[in-house]
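my_file-v6.txt (compact mmCIF, C-alpha atoms)
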# COMPACT_ATOMS: atom_id res chain seq x y z
CA MET A 1 61.00 18.90 -100.56
CA ARG A 2 59.46 21.18 -98.16
CA THR A 3 56.16 20.92 -99.95
CA GLU A 4 56.34 17.16 -99.81
CA MET A 5 57.13 17.29 -96.12
CA LEU A 6 54.25 19.65 -95.48
CA THR A 7 51.90 17.35 -97.40
CA ALA A 8 53.11 14.34 -95.41
CA LEU A 9 52.67 16.14 -92.10
CA SER A 10 49.19 17.31 -93.02
CA ALA A 11 48.30 13.76 -94.09
CA LEU A 12 49.60 12.51 -90.73
CA ALA A 13 47.51 15.12 -88.91
CA VAL A 14 44.38 14.14 -90.87
CA ALA A 15 45.08 10.45 -90.15
CA THR A 16 45.50 11.21 -86.43
CA VAL A 17 42.26 13.19 -86.27
CA THR A 18 40.47 10.44 -88.15
CA ALA A 19 41.85 7.79 -85.78
CA VAL A 20 40.82 9.80 -82.73
CA GLY A 21 37.37 10.29 -84.25
CA GLY A 22 37.08 6.55 -84.91
CA ILE A 23 38.07 5.75 -81.35
CA ALA A 24 35.58 8.29 -80.00
CA THR A 25 32.83 6.82 -82.18
CA ALA A 26 33.66 3.32 -80.92
CA VAL A 27 33.57 4.46 -77.30
CA VAL A 28 30.26 6.25 -77.79
CA GLY A 29 28.92 3.24 -79.70
CA ARG A 30 29.77 0.95 -76.79
CA ARG A 31 27.82 3.17 -74.45
CA GLN A 32 24.53 2.52 -76.21
CA PRO A 33 23.96 -0.85 -74.56
CA ARG A 34 24.79 0.77 -71.24
CA GLY A 35 21.97 3.24 -71.79
CA GLN A 36 19.66 0.32 -72.53
CA GLN A 37 20.90 -1.38 -69.38
CA ARG A 38 20.07 1.75 -67.42
CA ARG A 39 16.58 1.79 -68.90
CA ASP A 40 16.22 -1.90 -67.97
CA ASP A 41 17.42 -1.11 -64.46
CA PHE A 42 14.89 1.70 -64.24
CA THR A 43 12.13 -0.65 -65.40
CA THR A 44 13.19 -3.20 -62.80
CA ILE A 45 13.26 -0.59 -60.05
CA VAL A 46 9.83 0.73 -61.04
CA ALA A 47 8.42 -2.82 -61.03
CA GLU A 48 9.91 -3.43 -57.58
CA LEU A 49 8.46 -0.16 -56.30
CA ARG A 50 5.03 -1.10 -57.63
CA THR A 51 5.28 -4.51 -55.95
CA SER A 52 6.45 -2.88 -52.74
CA HIS A 53 3.63 -0.33 -52.96
CA ALA A 54 1.08 -3.14 -53.35
CA GLU A 55 2.55 -4.96 -50.35
CA VAL A 56 2.36 -1.79 -48.25
CA LYS A 57 -1.28 -1.30 -49.30
CA ALA A 58 -2.13 -4.89 -48.34
CA GLU A 59 -0.39 -4.52 -44.98
CA LEU A 60 -2.20 -1.24 -44.33
CA GLN A 61 -5.52 -2.93 -45.12
CA GLN A 62 -4.71 -5.72 -42.65
CA GLN A 63 -3.81 -3.16 -39.99
CA LYS A 64 -7.10 -1.33 -40.58
CA GLU A 65 -9.04 -4.58 -40.22
CA GLN A 66 -7.15 -5.41 -37.03
CA ALA A 67 -7.83 -1.92 -35.69
CA ASN A 68 -11.54 -2.35 -36.39
CA ARG A 69 -11.54 -5.71 -34.55
CA ASP A 70 -9.65 -4.15 -31.64
CA ARG A 71 -12.07 -1.22 -31.56
CA ALA A 72 -15.06 -3.58 -31.44
CA ARG A 73 -13.44 -5.62 -28.67
CA ILE A 74 -12.62 -2.52 -26.62
CA THR A 75 -16.16 -1.19 -27.09
CA ALA A 76 -17.60 -4.49 -25.83
CA GLN A 77 -15.23 -4.49 -22.87
CA ASP A 78 -16.19 -0.90 -22.08
CA PHE A 79 -19.84 -1.90 -22.19
CA ALA A 80 -19.10 -4.84 -19.87
CA ILE A 81 -17.38 -2.56 -17.37
CA ARG A 82 -20.26 -0.09 -17.43
CA TYR A 83 -22.72 -2.94 -16.97
CA LEU A 84 -20.82 -4.31 -13.99
CA ALA A 85 -20.44 -0.85 -12.44
CA GLY A 86 -24.18 -0.26 -12.69
CA TRP A 87 -24.92 -3.68 -11.30
CA SER A 88 -22.57 -3.17 -8.37
CA ARG A 89 -24.14 0.24 -7.56
CA THR A 90 -27.56 -1.36 -7.52
CA LEU A 91 -26.24 -4.18 -5.38
CA VAL A 92 -24.65 -1.84 -2.87
CA GLY A 93 -27.85 0.19 -2.59
CA TYR A 94 -29.91 -2.90 -2.10
CA MET A 95 -27.51 -4.32 0.49
CA ARG A 96 -27.64 -1.06 2.47
CA GLN A 97 -31.42 -1.16 2.60
CA SER A 98 -31.65 -4.74 3.82
CA GLN A 99 -29.48 -7.56 4.95
CA LEU A 100 -30.57 -9.92 2.14
CA GLU A 101 -28.80 -11.81 -0.61
CA PRO A 102 -27.75 -9.73 -3.61
CA PRO A 103 -30.46 -9.37 -6.24
CA PRO A 104 -30.21 -10.76 -9.74
CA PRO A 105 -28.73 -8.44 -12.33
CA PRO A 106 -30.95 -5.41 -13.02
CA GLN A 107 -31.31 -6.52 -16.62
CA PRO A 108 -30.44 -9.65 -18.58
CA VAL A 109 -26.74 -9.93 -19.37
CA PRO A 110 -26.21 -8.59 -22.92
CA GLU A 111 -24.64 -10.93 -25.46
CA GLU A 112 -21.74 -8.51 -26.02
CA VAL A 113 -20.82 -8.74 -22.34
CA GLN A 114 -21.06 -12.50 -21.82
CA PRO A 115 -17.62 -13.39 -23.28
CA TYR A 116 -15.98 -11.09 -20.71
CA LEU A 117 -17.97 -12.32 -17.71
CA HIS A 118 -17.12 -16.03 -18.04
CA ASP A 119 -15.40 -16.16 -14.65
CA VAL A 120 -18.20 -14.32 -12.77
CA GLY A 121 -20.67 -17.17 -13.26
CA LEU A 122 -23.27 -15.36 -15.33

Represent the structure from my file as structure tokens, please.
Amino acid sequence: MRTEMLTALSALAVATVTAVGGIATAVVGRRQPRGQQRRDDFTTIVAELRTSHAEVKAELQQQKEQANRDRARITAQDFAIRYLAGWSRTLVGYMRQSQLEPPPPPQPVPEEVQPYLHDVGL
């Protein structure tokens, strides 16, 4: 009987190991779709990053264009200020020499300056 008991116990041990192996295989088998889901999540994240990157590039391009417009406006305003400073120096010199009306501008008003001199009457 001891041999029969030993055979039964070894059969029980083999059955237990087989059951545990089956359960482990089932658990690992269920993880496969999760791996696919992770790959899908990665693909989604990469697509979002590419979209975000494109949006950042577009916004940067808009900011560069705005900076160029601002730079042109500031340059024209600087030119207007220099023009007015030169005109006022000439005017002061002329007024010191004689008690006459101020002279016309020393040169025609440049087109770049005209938008900024609208309230001066030129």

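The coordinates place atom CA of A:Pro110 at 27.1 Å from atom CA of A:Gln97.
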
Practice problem: Pick out the residues sitting within 12 Å of A:Gln77, and hand them over as a VMD selection string; count all atoms listed in the file, and ignore anything fewer than 3 positions along from it in its own chain. | Solution: chain A and resid 70 to 74 80 to 84 110 to 117

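The two atoms in question, atom CA of A:Gln63 and atom CA of A:Ile45, are spaced 26.5 Å apart.
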
Quiz item: Expressed in Å to a single decimal, how great is the separation between atom CA of A:Asp78 and atom CA of A:Lys64?
Solution: 20.6 Å

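Restricting the calculation to all atoms listed in the file, the smallest distance between A:Pro108 and any of A:Trp87, A:Val46, A:Ala54, A:Glu59 is found for A:Trp87.
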